[in-house]
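Participant: Structure file upload14.cif, mmCIF, C-alpha atoms, is pasted below:
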```
data_query
loop_
_atom_site.label_atom_id
_atom_site.label_comp_id
_atom_site.auth_asym_id
_atom_site.auth_seq_id
_atom_site.Cartn_x
_atom_site.Cartn_y
_atom_site.Cartn_z
CA MET A 1 5.82 19.22 62.61
CA ARG A 2 2.20 20.40 62.64
CA ARG A 3 3.02 22.97 59.96
CA LEU A 4 4.57 20.27 57.74
CA PHE A 5 1.51 18.08 58.21
CA PHE A 6 -0.76 21.00 57.29
CA PHE A 7 1.11 21.69 54.01
CA LEU A 8 1.12 18.00 53.05
CA LEU A 9 -2.63 17.81 53.65
CA LEU A 10 -3.23 20.97 51.63
CA PHE A 11 -1.15 19.58 48.72
CA CYS A 12 -3.12 16.29 48.68
CA LEU A 13 -6.48 18.08 48.77
CA THR A 14 -5.41 20.38 45.92
CA ALA A 15 -4.30 17.41 43.78
CA LEU A 16 -7.61 15.63 44.40
CA SER A 17 -9.67 18.70 43.53
CA THR A 18 -7.91 19.39 40.25
CA GLY A 19 -8.09 15.73 39.07
CA PRO A 20 -6.26 14.34 36.04
CA ALA A 21 -5.18 16.71 33.24
CA THR A 22 -7.70 17.07 30.42
CA ALA A 23 -6.53 15.43 27.18
CA GLN A 24 -5.50 18.06 24.67
CA PRO A 25 -6.33 18.19 20.93
CA VAL A 26 -3.67 16.85 18.57
CA GLU A 27 -2.19 19.11 15.90
CA LEU A 28 -0.58 17.61 12.78
CA VAL A 29 0.65 18.77 9.38
CA ASP A 30 -0.45 16.37 6.65
CA MET A 31 1.27 15.43 3.37
CA LEU A 32 -0.02 18.52 1.59
CA GLY A 33 1.31 20.82 4.31
CA HIS A 34 -2.25 21.23 5.54
CA ARG A 35 -2.54 21.97 9.30
CA VAL A 36 -5.00 19.63 11.04
CA VAL A 37 -6.36 19.88 14.59
CA LEU A 38 -7.82 16.59 15.80
CA PRO A 39 -9.72 15.64 18.93
CA ALA A 40 -7.62 13.93 21.61
CA GLN A 41 -9.53 10.70 20.94
CA VAL A 42 -10.18 9.67 17.33
CA ASP A 43 -12.71 6.83 17.32
CA ARG A 44 -14.70 7.42 14.11
CA ILE A 45 -12.71 7.36 10.87
CA VAL A 46 -13.82 7.55 7.24
CA THR A 47 -11.50 6.58 4.37
CA THR A 48 -12.35 7.82 0.89
CA PHE A 49 -10.05 5.78 -1.35
CA LYS A 50 -8.79 2.21 -1.39
CA PRO A 51 -5.10 2.80 -0.51
CA ALA A 52 -6.19 4.78 2.57
CA THR A 53 -8.58 2.02 3.68
CA LEU A 54 -5.94 -0.69 3.28
CA THR A 55 -3.42 1.49 5.13
CA ALA A 56 -5.89 1.97 8.01
CA LEU A 57 -6.51 -1.78 8.16
CA SER A 58 -2.78 -2.51 8.17
CA LEU A 59 -2.61 -0.29 11.28
CA GLY A 60 -5.32 -2.37 12.94
CA LEU A 61 -7.93 0.38 12.80
CA GLY A 62 -10.80 -1.60 11.29
CA ASP A 63 -12.90 -1.20 14.42
CA ARG A 64 -12.67 2.59 14.15
CA LEU A 65 -13.94 2.81 10.57
CA VAL A 66 -17.51 4.12 10.31
CA GLY A 67 -17.54 4.69 6.54
CA LEU A 68 -15.30 3.93 3.59
CA ASP A 69 -14.86 4.08 -0.17
CA GLY A 70 -17.17 1.82 -2.15
CA ASN A 71 -14.38 -0.22 -3.76
CA SER A 72 -12.96 -1.47 -0.45
CA ARG A 73 -16.25 -3.08 0.55
CA TYR A 74 -15.71 -5.68 -2.19
CA ASP A 75 -11.94 -6.12 -1.88
CA PRO A 76 -11.12 -9.78 -1.04
CA LEU A 77 -8.13 -9.00 1.20
CA GLN A 78 -9.85 -6.27 3.17
CA ILE A 79 -12.90 -8.46 3.74
CA LYS A 80 -10.65 -11.30 4.97
CA ILE A 81 -8.89 -8.91 7.36
CA TYR A 82 -12.03 -7.27 8.73
CA PRO A 83 -15.29 -8.94 7.56
CA GLN A 84 -17.46 -6.22 9.18
CA LEU A 85 -16.21 -3.91 6.43
CA GLN A 86 -19.02 -5.16 4.17
CA ASP A 87 -21.62 -3.75 6.57
CA LEU A 88 -20.16 -0.24 6.77
CA PRO A 89 -21.78 2.55 4.73
CA SER A 90 -20.11 3.54 1.48
CA VAL A 91 -19.34 7.22 0.98
CA GLY A 92 -18.60 6.84 -2.75
CA SER A 93 -15.20 6.68 -4.40
CA LYS A 94 -12.49 8.84 -5.88
CA SER A 95 -13.39 7.73 -9.41
CA THR A 96 -17.17 8.15 -9.21
CA GLY A 97 -17.31 10.93 -6.61
CA ILE A 98 -17.77 11.20 -2.85
CA ASN A 99 -21.26 11.70 -1.44
CA PHE A 100 -20.94 14.64 0.95
CA GLU A 101 -24.19 13.89 2.77
CA SER A 102 -23.05 10.31 3.41
CA LEU A 103 -19.86 11.66 4.98
CA LEU A 104 -21.79 13.94 7.33
CA ALA A 105 -24.27 11.20 8.23
CA VAL A 106 -21.64 8.96 9.88
CA ASP A 107 -20.39 11.81 12.11
CA PRO A 108 -16.64 11.16 11.74
CA ASP A 109 -13.83 12.41 13.97
CA LEU A 110 -11.48 12.19 10.98
CA VAL A 111 -11.79 11.86 7.19
CA ILE A 112 -8.76 10.59 5.26
CA LEU A 113 -8.70 12.16 1.79
CA TYR A 114 -6.91 11.92 -1.55
CA SER A 115 -5.20 15.00 -2.99
CA GLN A 116 -6.47 14.64 -6.56
CA LYS A 117 -9.78 15.55 -8.18
CA ASP A 118 -12.24 17.04 -5.63
CA GLY A 119 -10.20 16.15 -2.53
CA LYS A 120 -9.28 19.72 -1.57
CA GLU A 121 -12.81 21.00 -2.14
CA LEU A 122 -14.18 18.20 0.06
CA ALA A 123 -11.72 19.10 2.82
CA SER A 124 -12.85 22.72 2.77
CA ARG A 125 -16.52 21.77 2.99
CA LEU A 126 -15.95 19.22 5.76
CA GLU A 127 -13.87 21.61 7.84
CA SER A 128 -16.63 24.20 7.59
CA HIS A 129 -18.74 21.60 9.45
CA GLY A 130 -16.02 21.10 12.06
CA ILE A 131 -14.80 17.74 10.66
CA PRO A 132 -10.98 17.37 10.47
CA CYS A 133 -9.45 16.00 7.25
CA LEU A 134 -6.08 14.42 6.60
CA PHE A 135 -4.46 14.17 3.15
CA VAL A 136 -2.22 11.15 2.51
CA LEU A 137 -0.20 10.46 -0.65
CA PRO A 138 0.88 6.79 -0.63
CA GLU A 139 2.29 6.96 -4.18
CA THR A 140 5.92 6.07 -3.32
CA PHE A 141 7.58 3.86 -0.71
CA ALA A 142 8.45 6.97 1.30
CA GLY A 143 4.86 8.19 0.87
CA ILE A 144 3.44 4.87 2.09
CA GLU A 145 5.61 5.05 5.22
CA GLU A 146 4.70 8.68 5.85
CA SER A 147 0.99 7.86 5.42
CA LEU A 148 1.34 5.10 8.02
CA HIS A 149 3.11 7.45 10.45
CA LEU A 150 0.56 10.22 9.93
CA ILE A 151 -2.54 8.08 10.49
CA ALA A 152 -0.96 6.36 13.50
CA GLN A 153 -0.14 9.77 15.01
CA ALA A 154 -3.67 10.96 14.29
CA VAL A 155 -5.11 8.18 16.48
CA GLY A 156 -2.48 8.81 19.16
CA GLU A 157 -0.70 5.47 18.72
CA PRO A 158 2.47 6.04 16.66
CA GLU A 159 3.81 2.57 17.49
CA ARG A 160 1.22 1.04 15.14
CA ALA A 161 3.16 2.41 12.16
CA THR A 162 6.47 0.97 13.41
CA ARG A 163 5.13 -2.59 13.19
CA VAL A 164 3.99 -2.23 9.57
CA ILE A 165 7.09 -0.37 8.38
CA SER A 166 9.29 -3.04 9.99
CA ALA A 167 7.51 -5.72 7.93
CA MET A 168 7.87 -3.67 4.74
CA ARG A 169 11.57 -3.07 5.26
CA HIS A 170 12.23 -6.71 6.09
CA ALA A 171 10.80 -7.67 2.67
CA THR A 172 12.71 -5.05 0.67
CA ASP A 173 15.92 -5.57 2.66
CA LEU A 174 15.72 -9.30 1.93
CA ALA A 175 15.46 -8.57 -1.80
CA ALA A 176 18.41 -6.15 -1.55
CA LYS A 177 20.50 -8.73 0.33
CA TYR A 178 20.54 -10.96 -2.74
CA THR A 179 20.32 -8.42 -5.57
CA GLY A 180 21.93 -5.26 -4.21
CA ASN A 181 25.44 -6.11 -5.40
CA ILE A 182 24.49 -6.85 -9.02
CA PRO A 183 26.42 -4.48 -11.33
CA GLU A 184 24.20 -2.07 -13.23
CA ALA A 185 25.19 -3.58 -16.59
CA GLN A 186 24.05 -7.03 -15.42
CA ARG A 187 20.69 -6.03 -13.98
CA LYS A 188 17.68 -7.42 -15.82
CA THR A 189 15.19 -5.14 -17.52
CA VAL A 190 11.47 -5.21 -16.77
CA TYR A 191 8.48 -4.00 -18.73
CA PHE A 192 5.47 -3.31 -16.51
CA SER A 193 2.10 -3.52 -18.26
CA SER A 194 -0.31 -1.27 -16.36
CA PRO A 195 -3.95 -1.97 -15.42
CA LYS A 196 -5.05 0.36 -18.24
CA SER A 197 -3.79 -1.77 -21.15
CA PHE A 198 -0.88 -3.95 -22.24
CA LEU A 199 0.88 -1.08 -24.03
CA SER A 200 0.45 1.30 -21.11
CA THR A 201 3.36 1.44 -18.68
CA ALA A 202 4.77 3.20 -15.62
CA GLY A 203 7.52 5.81 -15.98
CA GLY A 204 10.39 6.57 -13.66
CA ASP A 205 8.44 8.67 -11.16
CA MET A 206 5.76 6.07 -10.39
CA LEU A 207 5.58 3.51 -7.59
CA GLN A 208 6.06 0.59 -9.99
CA ASP A 209 9.49 1.94 -10.97
CA SER A 210 10.51 1.81 -7.30
CA ILE A 211 9.17 -1.74 -6.95
CA ILE A 212 11.32 -2.80 -9.91
CA ARG A 213 14.44 -1.02 -8.60
CA LYS A 214 14.06 -2.53 -5.13
CA ALA A 215 13.86 -5.95 -6.82
CA GLY A 216 17.22 -5.34 -8.49
CA GLY A 217 15.75 -4.69 -11.92
CA ILE A 218 15.68 -1.78 -14.37
CA ASN A 219 12.40 -0.32 -15.58
CA CYS A 220 12.45 -0.16 -19.38
CA ALA A 221 10.31 2.98 -19.18
CA GLN A 222 12.33 4.74 -16.47
CA ALA A 223 13.04 7.71 -18.75
CA LEU A 224 9.30 8.44 -19.11
CA SER A 225 7.49 10.69 -16.64
CA GLY A 226 3.95 11.41 -15.54
CA TYR A 227 1.07 8.99 -15.08
CA PHE A 228 0.75 5.70 -17.02
CA ARG A 229 2.15 6.28 -20.51
CA GLN A 230 1.00 4.69 -23.73
CA ILE A 231 3.74 3.23 -25.92
CA SER A 232 3.87 1.70 -29.39
CA PRO A 233 4.45 -1.99 -30.15
CA GLU A 234 7.68 -0.92 -31.86
CA GLN A 235 8.93 0.66 -28.64
CA LEU A 236 8.33 -2.54 -26.67
CA LEU A 237 10.20 -4.54 -29.31
CA LEU A 238 13.05 -2.05 -29.16
CA TRP A 239 13.26 -2.35 -25.36
CA ASN A 240 13.10 -6.18 -25.63
CA PRO A 241 12.84 -6.67 -21.83
CA ASP A 242 14.14 -9.60 -19.82
CA MET A 243 10.81 -9.77 -17.96
CA LEU A 244 7.23 -8.85 -18.80
CA CYS A 245 5.26 -8.06 -15.66
CA ILE A 246 1.53 -7.63 -16.14
CA ALA A 247 -0.89 -5.94 -13.74
CA GLY A 248 -3.62 -8.38 -12.75
CA HIS A 249 -6.42 -6.35 -14.33
CA ALA A 250 -4.59 -6.36 -17.66
CA ARG A 251 -4.03 -10.15 -17.77
CA ARG A 252 -6.60 -11.05 -20.43
CA GLY A 253 -5.76 -8.19 -22.78
CA ALA A 254 -2.03 -8.73 -22.38
CA CYS A 255 -2.23 -12.44 -23.18
CA SER A 256 -4.29 -11.65 -26.27
CA MET A 257 -1.69 -9.11 -27.45
CA LEU A 258 1.22 -11.46 -26.79
CA SER A 259 -0.32 -14.11 -29.03
CA ARG A 260 0.49 -11.88 -32.02
CA SER A 261 3.37 -13.12 -34.10
CA SER A 262 4.95 -9.65 -34.05
CA PHE A 263 5.84 -10.15 -30.36
CA SER A 264 7.12 -13.71 -30.67
CA GLN A 265 10.78 -12.70 -30.60
CA LEU A 266 10.55 -10.81 -27.32
CA ARG A 267 13.24 -12.11 -24.97
CA ALA A 268 10.80 -12.39 -22.05
CA LEU A 269 8.50 -14.61 -24.12
CA LYS A 270 11.29 -16.83 -25.35
CA THR A 271 12.65 -17.41 -21.83
CA GLY A 272 9.26 -17.72 -20.12
CA ALA A 273 9.82 -14.65 -17.94
CA THR A 274 6.26 -13.37 -18.40
CA TYR A 275 4.25 -13.04 -15.20
CA CYS A 276 1.27 -11.34 -13.63
CA PHE A 277 1.67 -9.36 -10.43
CA PRO A 278 0.26 -11.29 -7.44
CA SER A 279 -2.12 -11.90 -5.79
CA ASN A 280 -5.70 -13.18 -5.83
CA LEU A 281 -6.42 -11.20 -2.62
CA ALA A 282 -5.01 -7.78 -3.54
CA PRO A 283 -2.54 -6.43 -6.12
CA TRP A 284 1.05 -5.88 -4.99
CA ASP A 285 1.72 -3.25 -7.67
CA PHE A 286 -0.75 -0.94 -5.93
CA PRO A 287 -0.06 1.92 -3.45
CA SER A 288 -0.11 0.10 -0.09
CA PRO A 289 2.29 -1.67 2.29
CA LEU A 290 1.91 -4.72 0.02
CA SER A 291 4.18 -3.00 -2.52
CA ALA A 292 7.13 -4.25 -0.46
CA LEU A 293 6.05 -7.83 -1.20
CA GLY A 294 5.87 -6.85 -4.88
CA SER A 295 9.61 -6.15 -4.80
CA LEU A 296 10.45 -9.39 -2.98
CA TRP A 297 8.32 -11.47 -5.36
CA MET A 298 9.85 -9.79 -8.41
CA ALA A 299 13.40 -10.32 -7.14
CA LYS A 300 12.61 -14.03 -6.76
CA ARG A 301 11.26 -14.23 -10.31
CA LEU A 302 14.06 -12.13 -11.84
CA TYR A 303 16.94 -13.90 -10.10
CA PRO A 304 15.79 -17.39 -9.00
CA GLU A 305 19.36 -18.70 -8.67
CA ARG A 306 20.45 -15.84 -6.43
CA MET A 307 17.23 -16.07 -4.40
CA LYS A 308 17.12 -19.87 -4.10
CA ASP A 309 17.50 -19.78 -0.30
CA VAL A 310 14.49 -17.49 0.13
CA ASP A 311 11.26 -19.34 0.92
CA LEU A 312 8.90 -16.90 -0.78
CA LEU A 313 5.62 -18.24 0.61
CA HIS A 314 7.07 -18.32 4.12
CA GLU A 315 8.07 -14.66 3.81
CA ILE A 316 4.67 -13.73 2.39
CA ASP A 317 2.94 -15.49 5.30
CA ARG A 318 5.26 -13.75 7.75
CA PHE A 319 4.44 -10.33 6.26
CA HIS A 320 0.67 -10.84 6.31
CA THR A 321 0.73 -12.17 9.86
CA GLN A 322 2.78 -9.23 11.13
CA VAL A 323 0.74 -6.60 9.28
CA PHE A 324 -2.79 -8.05 9.19
CA GLY A 325 -2.79 -10.64 11.98
CA LYS A 326 -3.51 -13.52 9.57
CA SER A 327 -1.17 -15.41 7.24
CA PHE A 328 -1.50 -15.23 3.46
CA ARG A 329 -2.38 -18.91 3.15
CA GLU A 330 -4.75 -18.72 6.14
CA MET A 331 -6.72 -16.16 4.11
CA ASP A 332 -6.69 -18.51 1.07
CA GLY A 333 -4.10 -16.37 -0.65
CA LYS A 334 -2.59 -17.53 -3.91
CA LEU A 335 0.08 -15.89 -6.05
CA GLU A 336 -1.72 -16.52 -9.36
CA ASP A 337 1.28 -15.00 -11.12
CA MET A 338 1.62 -17.47 -13.98
CA THR A 339 0.54 -16.80 -17.57
CA PRO A 340 0.34 -19.12 -20.60
CA TYR A 341 3.80 -17.77 -21.46
CA SER A 342 5.47 -18.39 -18.08
CA ALA A 343 8.20 -20.99 -17.72
CA PRO A 344 7.24 -23.91 -15.44
CA VAL A 345 7.81 -23.10 -11.78
CA THR A 346 10.69 -24.97 -10.17
CA GLU A 347 11.00 -25.53 -6.43
CA GLN A 348 13.53 -22.74 -6.09
CA SER A 349 11.12 -20.32 -7.80
CA ILE A 350 8.36 -20.70 -5.22
#
```
Could you render the structure as structure tokens?
Facilitator:
Amino acid sequence: MRRLFFFLLLFCLTALSTGPATAQPVELVDMLGHRVVLPAQVDRIVTTFKPATLTALSLGLGDRLVGLDGNSRYDPLQIKIYPQLQDLPSVGSKSTGINFESLLAVDPDLVILYSQKDGKELASRLESHGIPCLFVLPETFAGIEESLHLIAQAVGEPERATRVISAMRHATDLAAKYTGNIPEAQRKTVYFSSPKSFLSTAGGDMLQDSIIRKAGGINCAQALSGYFRQISPEQLLLWNPDMLCIAGHARRGACSMLSRSSFSQLRALKTGATYCFPSNLAPWDFPSPLSALGSLWMAKRLYPERMKDVDLLHEIDRFHTQVFGKSFREMDGKLEDMTPYSAPVTEQSI
């Protein structure tokens, strides 16, 4: 009995002396196949481009941001989600260049980078200073989901991604419920006018093509490849789409072009199926979780009769509340999708 007591006492003393296990670094492989070793606790994050910042905010990581791309500091949605964003230091942007000294000054645990332009060079320089970098490529629906998973894993809380992906899939599954059984020959065609200009469009390997397909439509430009492609007026007339869908930044130029008599016979103009992508807070044709709402909205505009039982604004509010913690209307969100060429909105189209 005494011997048993002695061994029990020795075990307890040993456990107390060793204490809890030390948290171990986290090792990940990012979307470029780049091996990343992160500290066990990631509390200081820098995002270098807008899709990465919005993805981090959708994961509820606003309080861990210590620096961000310059564009996000003025983005209406991101400011509504996390007002303190405006006070964080800017590290530059993908388009104008990242300031390396600004990155070092905020002493980050993790920098989330883009793969284009100088992204790889920046990663090499940062890692030489002992700062881990993570590449994300949110350019497709699968890429958006993988980006969410990767960042959530990097902060040691993978369940954060599950919440956002669930909201995304609810929106796209709802669109598919009403449009998924439409025969290919009866699906409506869509011309997407890109932010670059009215006669610039997205080919079959871009995110906008996926948004259109998930809405039950067919992208007129699906046979094109590469980045935004310039087309001729004659090509648009030849396609003669059922819907014209204009990126918000291209609204003014597109409306000016459509006033030309040469476009007057376009089917989408004659039927009033000419819209701008929502919303006033943030574009839904942009690489972010909001792309799922782009598909749901488009399905509602393409097939209002089929989608008449879907309360669009209710679903939009639901999505924003689940992902950002605030409803769309609570943040003063508006669709702002009508153009001078849009048919009047009926109750079933809302």
Participant: With only C-alpha atoms as the counted atoms, please give the residues lying no more than 8 Å from Leu57 (chain A), apart from itself and same-chain residues fewer than 2 positions off, as a list in words.
Facilitator: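 Result of the neighbour search: Thr53, Leu54, Thr55, Leu59, Gly60, Leu61, Gly62, Gln78, Ile81, Tyr82 and Phe324 of chain A.
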Participant: Generate the output file for the selected residues, C-alpha atoms, as an mmCIF file, in the frame of the given file.
Facilitator:
```
data_model
loop_
_atom_site.group_PDB
_atom_site.id
_atom_site.type_symbol
_atom_site.label_atom_id
_atom_site.label_comp_id
_atom_site.auth_asym_id
_atom_site.auth_seq_id
_atom_site.Cartn_x
_atom_site.Cartn_y
_atom_site.Cartn_z
ATOM 1 C CA THR A 53 -8.580 2.020 3.680
ATOM 2 C CA LEU A 54 -5.940 -0.690 3.280
ATOM 3 C CA THR A 55 -3.420 1.490 5.130
ATOM 4 C CA LEU A 59 -2.610 -0.290 11.280
ATOM 5 C CA GLY A 60 -5.320 -2.370 12.940
ATOM 6 C CA LEU A 61 -7.930 0.380 12.800
ATOM 7 C CA GLY A 62 -10.800 -1.600 11.290
ATOM 8 C CA GLN A 78 -9.850 -6.270 3.170
ATOM 9 C CA ILE A 81 -8.890 -8.910 7.360
ATOM 10 C CA TYR A 82 -12.030 -7.270 8.730
ATOM 11 C CA PHE A 324 -2.790 -8.050 9.190
#
```
Participant: To one decimal place, how far is CA of Phe277 (chain A) from CA of Leu237 (chain A) in Å?
Facilitator: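 Going from CA of Phe277 (chain A) over to CA of Leu237 (chain A) covers 21.3 Å.
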Participant: Suppose a student applies the PyMOL selection byres ((chain A and resi 228) around 7) to this structure; what residues should they get, written as a ChimeraX atom specification?
Facilitator: /A:200-203,226-227,229-230
Participant: In terms of the shortest atom-to-atom distance over only C-alpha atoms, which of A:Glu336, A:Glu127, A:Glu330, A:Asp205 is closest to Phe141 (chain A)?
Facilitator: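 With only C-alpha atoms as the atom set, the closest residue is A:Asp205.
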Participant: Could you tell me how far CA of Ala282 (chain A) lies from CA of Glu145 (chain A), in Å and to one decimal?
Facilitator: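 It comes out at 18.8 Å.
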Participant: Return as a PDB file with C-alpha atoms, in the coordinates of the input the set of residues that the PyMOL selection byres ((chain A and resi 306) around 10) yields on the displayed structure.
Facilitator:
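The result, written out as expr.pdb:
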```
ATOM      1  CA  ALA A 175      15.460  -8.570  -1.800  1.00  0.00           C
ATOM      2  CA  LYS A 177      20.500  -8.730   0.330  1.00  0.00           C
ATOM      3  CA  TYR A 178      20.540 -10.960  -2.740  1.00  0.00           C
ATOM      4  CA  THR A 179      20.320  -8.420  -5.570  1.00  0.00           C
ATOM      5  CA  ALA A 299      13.400 -10.320  -7.140  1.00  0.00           C
ATOM      6  CA  LYS A 300      12.610 -14.030  -6.760  1.00  0.00           C
ATOM      7  CA  LEU A 302      14.060 -12.130 -11.840  1.00  0.00           C
ATOM      8  CA  TYR A 303      16.940 -13.900 -10.100  1.00  0.00           C
ATOM      9  CA  PRO A 304      15.790 -17.390  -9.000  1.00  0.00           C
ATOM     10  CA  GLU A 305      19.360 -18.700  -8.670  1.00  0.00           C
ATOM     11  CA  MET A 307      17.230 -16.070  -4.400  1.00  0.00           C
ATOM     12  CA  LYS A 308      17.120 -19.870  -4.100  1.00  0.00           C
ATOM     13  CA  ASP A 309      17.500 -19.780  -0.300  1.00  0.00           C
ATOM     14  CA  VAL A 310      14.490 -17.490   0.130  1.00  0.00           C
ATOM     15  CA  GLN A 348      13.530 -22.740  -6.090  1.00  0.00           C
TER      16      GLN A 348
END
```
Participant: Determine the residue membership of the PyMOL selection byres ((chain A and resi 216) around 7) for the file above and supply it as a list in words.
Facilitator: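 Checked against the file, the PyMOL selection byres ((chain A and resi 216) around 7) matches Thr179, Gly180, Arg187, Ile212, Arg213, Lys214, Ala215, Gly217 and Ala299 of chain A.
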Participant: Would you kindly return, as a CSV table (one decimal) with C-alpha atoms, in the coordinates of the input, each protein, DNA or RNA residue with an atom no farther than 12 Å from any atom of region 94-103 of chain A, considering only C-alpha atoms and excluding same-chain residues fewer than 3 positions away?
Facilitator:
```
chain,number,residue,atom,x,y,z
A,44,ARG,CA,-14.7,7.4,14.1
A,45,ILE,CA,-12.7,7.4,10.9
A,46,VAL,CA,-13.8,7.6,7.2
A,47,THR,CA,-11.5,6.6,4.4
A,48,THR,CA,-12.4,7.8,0.9
A,49,PHE,CA,-10.0,5.8,-1.4
A,50,LYS,CA,-8.8,2.2,-1.4
A,51,PRO,CA,-5.1,2.8,-0.5
A,52,ALA,CA,-6.2,4.8,2.6
A,66,VAL,CA,-17.5,4.1,10.3
A,67,GLY,CA,-17.5,4.7,6.5
A,68,LEU,CA,-15.3,3.9,3.6
A,69,ASP,CA,-14.9,4.1,-0.2
A,70,GLY,CA,-17.2,1.8,-2.2
A,71,ASN,CA,-14.4,-0.2,-3.8
A,72,SER,CA,-13.0,-1.5,-0.4
A,88,LEU,CA,-20.2,-0.2,6.8
A,89,PRO,CA,-21.8,2.6,4.7
A,90,SER,CA,-20.1,3.5,1.5
A,91,VAL,CA,-19.3,7.2,1.0
A,106,VAL,CA,-21.6,9.0,9.9
A,107,ASP,CA,-20.4,11.8,12.1
A,108,PRO,CA,-16.6,11.2,11.7
A,109,ASP,CA,-13.8,12.4,14.0
A,110,LEU,CA,-11.5,12.2,11.0
A,111,VAL,CA,-11.8,11.9,7.2
A,112,ILE,CA,-8.8,10.6,5.3
A,113,LEU,CA,-8.7,12.2,1.8
A,114,TYR,CA,-6.9,11.9,-1.6
A,115,SER,CA,-5.2,15.0,-3.0
A,116,GLN,CA,-6.5,14.6,-6.6
A,117,LYS,CA,-9.8,15.6,-8.2
A,118,ASP,CA,-12.2,17.0,-5.6
A,119,GLY,CA,-10.2,16.2,-2.5
A,121,GLU,CA,-12.8,21.0,-2.1
A,122,LEU,CA,-14.2,18.2,0.1
A,123,ALA,CA,-11.7,19.1,2.8
A,124,SER,CA,-12.8,22.7,2.8
A,125,ARG,CA,-16.5,21.8,3.0
A,126,LEU,CA,-16.0,19.2,5.8
A,127,GLU,CA,-13.9,21.6,7.8
A,129,HIS,CA,-18.7,21.6,9.4
A,131,ILE,CA,-14.8,17.7,10.7
A,132,PRO,CA,-11.0,17.4,10.5
A,133,CYS,CA,-9.4,16.0,7.2
```
Participant: With 4 Å on each side, where is the centre of the axis-aligned box around all listed atoms of region 44-63 of chain A, and how long are its edges in Å to one decimal, as AutoDock Vina command-line options?
Facilitator:
```
--center_x -8.7 --center_y 2.7 --center_z 6.5 --size_x 20.1 --size_y 18.3 --size_z 23.8
```
Participant: Could you pull the residues within 8 Å of Cys220 (chain A), counting only C-alpha atoms, minus those fewer than 2 positions along the same chain, as number ranges by chain?
Facilitator: A: 189-191, 218, 222-223, 239, 241
Participant: When you draw a straight line from CA of Gln208 (chain A) to CA of Ala247 (chain A), how long is it in Å?
Facilitator: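 Taking CA of Gln208 (chain A) and CA of Ala247 (chain A), their separation equals 10.2 Å.
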Participant: Could you add whatever atoms are missing so that region 223-233 of chain A carries N, CA, C and O atoms, then write the result as a PDB file, in the frame of the given file?
Facilitator:
```pdb
ATOM      1  N   ALA A 223      12.806   6.361 -18.232  1.00  0.00           N
ATOM      2  CA  ALA A 223      13.040   7.710 -18.750  1.00  0.00           C
ATOM      3  C   ALA A 223      11.734   8.478 -18.963  1.00  0.00           C
ATOM      4  O   ALA A 223      11.755   9.710 -19.130  1.00  0.00           O
ATOM      5  N   LEU A 224      10.590   7.781 -18.930  1.00  0.00           N
ATOM      6  CA  LEU A 224       9.300   8.440 -19.110  1.00  0.00           C
ATOM      7  C   LEU A 224       8.855   9.066 -17.785  1.00  0.00           C
ATOM      8  O   LEU A 224       9.288   8.655 -16.713  1.00  0.00           O
ATOM      9  N   SER A 225       7.978  10.042 -17.848  1.00  0.00           N
ATOM     10  CA  SER A 225       7.490  10.690 -16.640  1.00  0.00           C
ATOM     11  C   SER A 225       5.975  10.847 -16.711  1.00  0.00           C
ATOM     12  O   SER A 225       5.365  10.648 -17.764  1.00  0.00           O
ATOM     13  N   GLY A 226       5.385  11.215 -15.573  1.00  0.00           N
ATOM     14  CA  GLY A 226       3.950  11.410 -15.540  1.00  0.00           C
ATOM     15  C   GLY A 226       3.220  10.132 -15.161  1.00  0.00           C
ATOM     16  O   GLY A 226       3.814   9.175 -14.654  1.00  0.00           O
ATOM     17  N   TYR A 227       1.922  10.133 -15.409  1.00  0.00           N
ATOM     18  CA  TYR A 227       1.070   8.990 -15.080  1.00  0.00           C
ATOM     19  C   TYR A 227       1.345   7.870 -16.077  1.00  0.00           C
ATOM     20  O   TYR A 227       2.296   7.937 -16.852  1.00  0.00           O
ATOM     21  N   PHE A 228       0.535   6.796 -16.080  1.00  0.00           N
ATOM     22  CA  PHE A 228       0.750   5.700 -17.020  1.00  0.00           C
ATOM     23  C   PHE A 228       0.840   6.241 -18.449  1.00  0.00           C
ATOM     24  O   PHE A 228      -0.003   7.017 -18.885  1.00  0.00           O
ATOM     25  N   ARG A 229       1.866   5.782 -19.164  1.00  0.00           N
ATOM     26  CA  ARG A 229       2.150   6.280 -20.510  1.00  0.00           C
ATOM     27  C   ARG A 229       1.902   5.199 -21.551  1.00  0.00           C
ATOM     28  O   ARG A 229       2.308   4.050 -21.382  1.00  0.00           O
ATOM     29  N   GLN A 230       1.241   5.609 -22.626  1.00  0.00           N
ATOM     30  CA  GLN A 230       1.000   4.690 -23.730  1.00  0.00           C
ATOM     31  C   GLN A 230       2.240   4.620 -24.610  1.00  0.00           C
ATOM     32  O   GLN A 230       2.874   5.647 -24.881  1.00  0.00           O
ATOM     33  N   ILE A 231       2.606   3.400 -25.024  1.00  0.00           N
ATOM     34  CA  ILE A 231       3.740   3.230 -25.920  1.00  0.00           C
ATOM     35  C   ILE A 231       3.299   2.473 -27.168  1.00  0.00           C
ATOM     36  O   ILE A 231       2.209   1.899 -27.211  1.00  0.00           O
ATOM     37  N   SER A 232       4.173   2.430 -28.152  1.00  0.00           N
ATOM     38  CA  SER A 232       3.870   1.700 -29.390  1.00  0.00           C
ATOM     39  C   SER A 232       4.414   0.275 -29.302  1.00  0.00           C
ATOM     40  O   SER A 232       5.343   0.006 -28.528  1.00  0.00           O
ATOM     41  N   PRO A 233       3.875  -0.639 -30.099  1.00  0.00           N
ATOM     42  CA  PRO A 233       4.450  -1.990 -30.150  1.00  0.00           C
ATOM     43  C   PRO A 233       5.930  -1.959 -30.529  1.00  0.00           C
ATOM     44  O   PRO A 233       6.733  -2.750 -30.019  1.00  0.00           O
TER      45      PRO A 233
END
```
